[in-house]
Amino acid sequence: MIDNGRPLFQQIAEFIENSIIDGTLPEEGQVPSTNELAAFHRINPATAAKGLNQLVADGILYKKRGIGMFVTSGARNALRFRRRERFARQFIDPLVTEADKLGVSIAELKTMLDQREGAR
């Protein structure tokens, strides 16, 4: 899981986000502790805590004092919405820009996508 190109705390936050999106961590479910994450990923507990605290700041997790961190209600939908927006910016916008340069219409793009989907 560790990618040397990105800060570890961001990778921990993304790991938790992915677990929420795929249902491994349900809404209102408890998240692994800082120490559990640190031991599992062999990182400093402060780094794991920074990743979790980022998710708290984003409203994805909340703290129960003395108990741990939990997934907020609606976190899965919020993450999926945010990821879809990022997907559109990273992939769809450049695709449409390149299609415009090549004279490919949106209808033609849709046809191309449908063909690719049928080939899977």
# chains A, B, ... in the order shown; residues from 1 in each chain; ligands from 1
call {"tool": "select_by_dssp", "arguments": {"residues": "chain A", "states": "strand (DSSP E)", "output": "mmCIF file with C-alpha atoms, in the first residue's frame"}}
result
data_model
loop_
_atom_site.group_PDB
_atom_site.id
_atom_site.type_symbol
_atom_site.label_atom_id
_atom_site.label_comp_id
_atom_site.auth_asym_id
_atom_site.auth_seq_id
_atom_site.Cartn_x
_atom_site.Cartn_y
_atom_site.Cartn_z
ATOM 1 C CA LEU A 61 -14.954 10.409 10.999
ATOM 2 C CA TYR A 62 -15.878 11.583 14.459
ATOM 3 C CA LYS A 63 -14.278 10.993 17.846
ATOM 4 C CA LYS A 64 -15.892 9.464 20.889
ATOM 5 C CA GLY A 68 -12.158 5.778 19.498
ATOM 6 C CA MET A 69 -13.079 7.076 16.084
ATOM 7 C CA PHE A 70 -16.183 6.197 14.130
ATOM 8 C CA VAL A 71 -17.488 6.653 10.595
#
call {"tool": "residues_around", "arguments": {"residues": "Thr34 of chain A", "least_positions_apart": "5", "cutoff": "6 Å", "atoms": "only C-alpha atoms", "output": "list of chain:residue names"}}
result
A:Pro45, A:Ala48, A:Ala49
call {"tool": "write_last_selection", "arguments": {"atoms": "all heavy atoms", "output": "PDB file, in the first residue's frame"}}
result
ATOM      1  N   PRO A  45       2.935   6.129  14.915  1.00  0.00           N
ATOM      2  CA  PRO A  45       1.545   6.406  15.314  1.00  0.00           C
ATOM      3  C   PRO A  45       1.110   7.852  15.057  1.00  0.00           C
ATOM      4  O   PRO A  45      -0.055   8.092  14.748  1.00  0.00           O
ATOM      5  CB  PRO A  45       1.527   6.075  16.807  1.00  0.00           C
ATOM      6  CG  PRO A  45       2.630   5.087  16.993  1.00  0.00           C
ATOM      7  CD  PRO A  45       3.691   5.488  15.999  1.00  0.00           C
ATOM      8  N   ALA A  48      -0.146   8.024  11.526  1.00  0.00           N
ATOM      9  CA  ALA A  48      -1.486   7.436  11.419  1.00  0.00           C
ATOM     10  C   ALA A  48      -2.524   8.393  11.993  1.00  0.00           C
ATOM     11  O   ALA A  48      -3.601   8.586  11.404  1.00  0.00           O
ATOM     12  CB  ALA A  48      -1.530   6.091  12.130  1.00  0.00           C
ATOM     13  N   ALA A  49      -2.196   9.008  13.120  1.00  0.00           N
ATOM     14  CA  ALA A  49      -3.122   9.954  13.757  1.00  0.00           C
ATOM     15  C   ALA A  49      -3.394  11.146  12.845  1.00  0.00           C
ATOM     16  O   ALA A  49      -4.530  11.629  12.761  1.00  0.00           O
ATOM     17  CB  ALA A  49      -2.560  10.433  15.088  1.00  0.00           C
TER      18      ALA A  49
END
call {"tool": "residues_around", "arguments": {"residues": "Leu8 of chain A", "least_positions_apart": "3", "cutoff": "10 Å", "atoms": "only C-alpha atoms", "output": "PDB file with all heavy atoms, in the first residue's frame"}}
result
ATOM      1  N   MET A   1       0.806  -1.194   0.000  1.00  0.00           N
ATOM      2  CA  MET A   1       0.000   0.000   0.000  1.00  0.00           C
ATOM      3  C   MET A   1       0.851   1.262   0.000  1.00  0.00           C
ATOM      4  O   MET A   1       0.456   2.272  -0.534  1.00  0.00           O
ATOM      5  CB  MET A   1      -0.911   0.005   1.224  1.00  0.00           C
ATOM      6  CG  MET A   1      -1.711   1.286   1.308  1.00  0.00           C
ATOM      7  SD  MET A   1      -2.445   1.542   2.894  1.00  0.00           S
ATOM      8  CE  MET A   1      -1.789   3.125   3.287  1.00  0.00           C
ATOM      9  N   ILE A   2       2.029   1.208   0.592  1.00  0.00           N
ATOM     10  CA  ILE A   2       2.849   2.400   0.731  1.00  0.00           C
ATOM     11  C   ILE A   2       3.397   2.837  -0.633  1.00  0.00           C
ATOM     12  O   ILE A   2       3.995   2.070  -1.359  1.00  0.00           O
ATOM     13  CB  ILE A   2       4.017   2.158   1.721  1.00  0.00           C
ATOM     14  CG1 ILE A   2       3.474   1.751   3.096  1.00  0.00           C
ATOM     15  CG2 ILE A   2       4.907   3.376   1.832  1.00  0.00           C
ATOM     16  CD1 ILE A   2       2.566   2.757   3.748  1.00  0.00           C
ATOM     17  N   ASP A   3       3.166   4.128  -0.945  1.00  0.00           N
ATOM     18  CA  ASP A   3       3.618   4.745  -2.180  1.00  0.00           C
ATOM     19  C   ASP A   3       4.565   5.868  -1.779  1.00  0.00           C
ATOM     20  O   ASP A   3       4.141   6.842  -1.160  1.00  0.00           O
ATOM     21  CB  ASP A   3       2.411   5.285  -2.948  1.00  0.00           C
ATOM     22  CG  ASP A   3       2.789   6.174  -4.122  1.00  0.00           C
ATOM     23  OD1 ASP A   3       3.962   6.195  -4.520  1.00  0.00           O
ATOM     24  OD2 ASP A   3       1.879   6.852  -4.645  1.00  0.00           O
ATOM     25  N   ASN A   4       5.822   5.724  -2.100  1.00  0.00           N
ATOM     26  CA  ASN A   4       6.823   6.698  -1.666  1.00  0.00           C
ATOM     27  C   ASN A   4       6.619   8.080  -2.254  1.00  0.00           C
ATOM     28  O   ASN A   4       7.202   9.041  -1.784  1.00  0.00           O
ATOM     29  CB  ASN A   4       8.227   6.191  -1.997  1.00  0.00           C
ATOM     30  CG  ASN A   4       8.617   5.010  -1.137  1.00  0.00           C
ATOM     31  OD1 ASN A   4       8.165   4.887  -0.004  1.00  0.00           O
ATOM     32  ND2 ASN A   4       9.441   4.133  -1.677  1.00  0.00           N
ATOM     33  N   GLY A   5       5.772   8.207  -3.252  1.00  0.00           N
ATOM     34  CA  GLY A   5       5.553   9.493  -3.890  1.00  0.00           C
ATOM     35  C   GLY A   5       4.575  10.403  -3.171  1.00  0.00           C
ATOM     36  O   GLY A   5       4.459  11.572  -3.500  1.00  0.00           O
ATOM     37  N   GLN A  11      -1.991   8.637   2.569  1.00  0.00           N
ATOM     38  CA  GLN A  11      -2.240   7.250   2.180  1.00  0.00           C
ATOM     39  C   GLN A  11      -3.082   6.534   3.230  1.00  0.00           C
ATOM     40  O   GLN A  11      -3.950   5.731   2.891  1.00  0.00           O
ATOM     41  CB  GLN A  11      -0.916   6.525   1.950  1.00  0.00           C
ATOM     42  CG  GLN A  11      -0.154   7.063   0.753  1.00  0.00           C
ATOM     43  CD  GLN A  11       1.163   6.370   0.565  1.00  0.00           C
ATOM     44  OE1 GLN A  11       1.203   5.159   0.381  1.00  0.00           O
ATOM     45  NE2 GLN A  11       2.244   7.128   0.617  1.00  0.00           N
ATOM     46  N   ILE A  12      -2.850   6.837   4.504  1.00  0.00           N
ATOM     47  CA  ILE A  12      -3.662   6.257   5.576  1.00  0.00           C
ATOM     48  C   ILE A  12      -5.098   6.749   5.447  1.00  0.00           C
ATOM     49  O   ILE A  12      -6.048   5.969   5.541  1.00  0.00           O
ATOM     50  CB  ILE A  12      -3.079   6.608   6.968  1.00  0.00           C
ATOM     51  CG1 ILE A  12      -1.724   5.919   7.161  1.00  0.00           C
ATOM     52  CG2 ILE A  12      -4.050   6.259   8.084  1.00  0.00           C
ATOM     53  CD1 ILE A  12      -1.775   4.402   7.140  1.00  0.00           C
ATOM     54  N   ALA A  13      -5.270   8.046   5.215  1.00  0.00           N
ATOM     55  CA  ALA A  13      -6.619   8.599   5.046  1.00  0.00           C
ATOM     56  C   ALA A  13      -7.318   7.943   3.853  1.00  0.00           C
ATOM     57  O   ALA A  13      -8.492   7.571   3.942  1.00  0.00           O
ATOM     58  CB  ALA A  13      -6.547  10.120   4.858  1.00  0.00           C
ATOM     59  N   GLU A  14      -6.600   7.760   2.749  1.00  0.00           N
ATOM     60  CA  GLU A  14      -7.187   7.134   1.569  1.00  0.00           C
ATOM     61  C   GLU A  14      -7.534   5.664   1.840  1.00  0.00           C
ATOM     62  O   GLU A  14      -8.554   5.165   1.365  1.00  0.00           O
ATOM     63  CB  GLU A  14      -6.243   7.240   0.381  1.00  0.00           C
ATOM     64  CG  GLU A  14      -6.867   6.765  -0.912  1.00  0.00           C
ATOM     65  CD  GLU A  14      -5.968   7.023  -2.106  1.00  0.00           C
ATOM     66  OE1 GLU A  14      -5.881   8.191  -2.526  1.00  0.00           O
ATOM     67  OE2 GLU A  14      -5.364   6.048  -2.590  1.00  0.00           O
ATOM     68  N   HIS A  41       0.727  -0.999   9.306  1.00  0.00           N
ATOM     69  CA  HIS A  41       1.443  -0.394   8.178  1.00  0.00           C
ATOM     70  C   HIS A  41       2.912  -0.112   8.494  1.00  0.00           C
ATOM     71  O   HIS A  41       3.634   0.421   7.634  1.00  0.00           O
ATOM     72  CB  HIS A  41       0.749   0.900   7.728  1.00  0.00           C
ATOM     73  CG  HIS A  41      -0.617   0.673   7.194  1.00  0.00           C
ATOM     74  ND1 HIS A  41      -0.847   0.079   5.976  1.00  0.00           N
ATOM     75  CD2 HIS A  41      -1.843   0.932   7.705  1.00  0.00           C
ATOM     76  CE1 HIS A  41      -2.154  -0.006   5.764  1.00  0.00           C
ATOM     77  NE2 HIS A  41      -2.772   0.507   6.811  1.00  0.00           N
ATOM     78  N   ILE A  43       4.308   2.148  10.565  1.00  0.00           N
ATOM     79  CA  ILE A  43       4.587   3.581  10.499  1.00  0.00           C
ATOM     80  C   ILE A  43       4.486   4.162  11.903  1.00  0.00           C
ATOM     81  O   ILE A  43       4.027   3.503  12.837  1.00  0.00           O
ATOM     82  CB  ILE A  43       3.606   4.311   9.546  1.00  0.00           C
ATOM     83  CG1 ILE A  43       2.154   4.146  10.027  1.00  0.00           C
ATOM     84  CG2 ILE A  43       3.784   3.838   8.111  1.00  0.00           C
ATOM     85  CD1 ILE A  43       1.148   4.981   9.275  1.00  0.00           C
ATOM     86  N   ASN A  44       4.878   5.399  12.023  1.00  0.00           N
ATOM     87  CA  ASN A  44       4.802   6.111  13.293  1.00  0.00           C
ATOM     88  C   ASN A  44       3.333   6.365  13.653  1.00  0.00           C
ATOM     89  O   ASN A  44       2.555   6.786  12.785  1.00  0.00           O
ATOM     90  CB  ASN A  44       5.551   7.439  13.141  1.00  0.00           C
ATOM     91  CG  ASN A  44       5.681   8.200  14.431  1.00  0.00           C
ATOM     92  OD1 ASN A  44       4.714   8.391  15.150  1.00  0.00           O
ATOM     93  ND2 ASN A  44       6.895   8.639  14.701  1.00  0.00           N
ATOM     94  N   THR A  47       1.890   9.642  12.544  1.00  0.00           N
ATOM     95  CA  THR A  47       1.539   9.718  11.116  1.00  0.00           C
ATOM     96  C   THR A  47       0.141   9.162  10.892  1.00  0.00           C
ATOM     97  O   THR A  47      -0.663   9.758  10.164  1.00  0.00           O
ATOM     98  CB  THR A  47       2.568   8.941  10.277  1.00  0.00           C
ATOM     99  OG1 THR A  47       3.862   9.498  10.508  1.00  0.00           O
ATOM    100  CG2 THR A  47       2.241   9.008   8.793  1.00  0.00           C
ATOM    101  N   ALA A  48      -0.146   8.024  11.526  1.00  0.00           N
ATOM    102  CA  ALA A  48      -1.486   7.436  11.419  1.00  0.00           C
ATOM    103  C   ALA A  48      -2.524   8.393  11.993  1.00  0.00           C
ATOM    104  O   ALA A  48      -3.601   8.586  11.404  1.00  0.00           O
ATOM    105  CB  ALA A  48      -1.530   6.091  12.130  1.00  0.00           C
ATOM    106  N   LYS A  50      -2.382  11.611  12.134  1.00  0.00           N
ATOM    107  CA  LYS A  50      -2.558  12.748  11.228  1.00  0.00           C
ATOM    108  C   LYS A  50      -3.540  12.395  10.110  1.00  0.00           C
ATOM    109  O   LYS A  50      -4.387  13.205   9.739  1.00  0.00           O
ATOM    110  CB  LYS A  50      -1.212  13.184  10.655  1.00  0.00           C
ATOM    111  CG  LYS A  50      -1.273  14.464   9.859  1.00  0.00           C
ATOM    112  CD  LYS A  50       0.114  14.958   9.481  1.00  0.00           C
ATOM    113  CE  LYS A  50       0.017  16.227   8.667  1.00  0.00           C
ATOM    114  NZ  LYS A  50       1.347  16.734   8.283  1.00  0.00           N
ATOM    115  N   GLY A  51      -3.445  11.173   9.591  1.00  0.00           N
ATOM    116  CA  GLY A  51      -4.383  10.729   8.565  1.00  0.00           C
ATOM    117  C   GLY A  51      -5.807  10.652   9.089  1.00  0.00           C
ATOM    118  O   GLY A  51      -6.751  11.094   8.426  1.00  0.00           O
TER     119      GLY A  51
END
call {"tool": "atom_distance", "arguments": {"atom1": "atom CA of Gln30 of chain A", "atom2": "atom CA of Phe81 of chain A"}}
result
22.1 Å
call {"tool": "closest_residue", "arguments": {"among": "A:Ala119, A:Leu102, A:Leu52, A:Ile67", "to": "Gln10 of chain A", "atoms": "only C-alpha atoms"}}
result
A:Leu52
call {"tool": "atom_distance", "arguments": {"atom1": "atom CA of Ala57 of chain A", "atom2": "atom CA of Arg89 of chain A"}}
result
23.0 Å
call {"tool": "atom_distance", "arguments": {"atom1": "atom CA of Asp58 of chain A", "atom2": "atom CA of Arg6 of chain A"}}
result
19.0 Å
call {"tool": "residues_around", "arguments": {"residues": "segment 19-29 of chain A", "least_positions_apart": "3", "cutoff": "8 Å", "atoms": "only C-alpha atoms", "output": "list in words"}}
result
Phe15, Ile16, Phe70, Val71, Thr72, Ser73, Gly74, Ala75, Arg76, Leu79 and Arg80 of chain A
call {"tool": "decode", "arguments": {"residues": "segment 66-91 of chain A", "atoms": "N, CA and C atoms", "output": "short mmCIF file (atom, residue, chain, number, x, y, z; two decimals), in the first residue's frame"}}
result
data_model
loop_
_atom_site.label_atom_id
_atom_site.label_comp_id
_atom_site.auth_asym_id
_atom_site.auth_seq_id
_atom_site.Cartn_x
_atom_site.Cartn_y
_atom_site.Cartn_z
N GLY A 66 -12.35 8.72 24.60
CA GLY A 66 -12.05 7.53 25.39
C GLY A 66 -12.47 6.22 24.75
N ILE A 67 -13.13 6.28 23.60
CA ILE A 67 -13.60 5.05 22.94
C ILE A 67 -12.88 4.85 21.61
N GLY A 68 -12.82 5.90 20.79
CA GLY A 68 -12.16 5.78 19.50
C GLY A 68 -12.81 6.65 18.45
N MET A 69 -12.52 6.33 17.21
CA MET A 69 -13.08 7.08 16.08
C MET A 69 -14.07 6.21 15.34
N PHE A 70 -15.09 6.88 14.80
CA PHE A 70 -16.18 6.20 14.13
C PHE A 70 -16.50 6.90 12.82
N VAL A 71 -17.08 6.13 11.90
CA VAL A 71 -17.49 6.65 10.60
C VAL A 71 -18.81 7.41 10.77
N THR A 72 -18.87 8.61 10.23
CA THR A 72 -20.10 9.40 10.34
C THR A 72 -21.19 8.85 9.43
N SER A 73 -22.42 9.10 9.78
CA SER A 73 -23.54 8.75 8.91
C SER A 73 -23.44 9.61 7.65
N GLY A 74 -23.62 9.00 6.51
CA GLY A 74 -23.55 9.71 5.25
C GLY A 74 -22.14 9.82 4.68
N ALA A 75 -21.14 9.25 5.39
CA ALA A 75 -19.75 9.36 4.94
C ALA A 75 -19.54 8.67 3.60
N ARG A 76 -20.15 7.51 3.40
CA ARG A 76 -19.95 6.78 2.15
C ARG A 76 -20.43 7.59 0.95
N ASN A 77 -21.62 8.15 1.06
CA ASN A 77 -22.15 8.97 -0.04
C ASN A 77 -21.32 10.22 -0.25
N ALA A 78 -20.87 10.84 0.83
CA ALA A 78 -20.04 12.04 0.70
C ALA A 78 -18.73 11.72 0.01
N LEU A 79 -18.12 10.60 0.38
CA LEU A 79 -16.86 10.20 -0.26
C LEU A 79 -17.06 9.86 -1.73
N ARG A 80 -18.13 9.14 -2.02
CA ARG A 80 -18.39 8.79 -3.42
C ARG A 80 -18.62 10.05 -4.25
N PHE A 81 -19.35 11.01 -3.72
CA PHE A 81 -19.59 12.26 -4.43
C PHE A 81 -18.27 12.99 -4.68
N ARG A 82 -17.45 13.10 -3.64
CA ARG A 82 -16.17 13.79 -3.76
C ARG A 82 -15.26 13.09 -4.77
N ARG A 83 -15.23 11.76 -4.72
CA ARG A 83 -14.38 11.01 -5.65
C ARG A 83 -14.89 11.12 -7.08
N ARG A 84 -16.20 11.17 -7.27
CA ARG A 84 -16.75 11.33 -8.62
C ARG A 84 -16.38 12.70 -9.19
N GLU A 85 -16.44 13.72 -8.34
CA GLU A 85 -16.05 15.06 -8.78
C GLU A 85 -14.57 15.09 -9.17
N ARG A 86 -13.73 14.45 -8.37
CA ARG A 86 -12.30 14.40 -8.67
C ARG A 86 -12.06 13.59 -9.94
N PHE A 87 -12.79 12.49 -10.11
CA PHE A 87 -12.69 11.67 -11.33
C PHE A 87 -13.02 12.51 -12.56
N ALA A 88 -14.09 13.29 -12.47
CA ALA A 88 -14.48 14.13 -13.61
C ALA A 88 -13.38 15.14 -13.94
N ARG A 89 -12.81 15.77 -12.91
CA ARG A 89 -11.75 16.75 -13.16
C ARG A 89 -10.50 16.10 -13.74
N GLN A 90 -10.14 14.93 -13.22
CA GLN A 90 -8.89 14.29 -13.65
C GLN A 90 -8.99 13.58 -14.98
N PHE A 91 -10.16 13.02 -15.29
CA PHE A 91 -10.26 12.16 -16.46
C PHE A 91 -11.26 12.65 -17.51
#
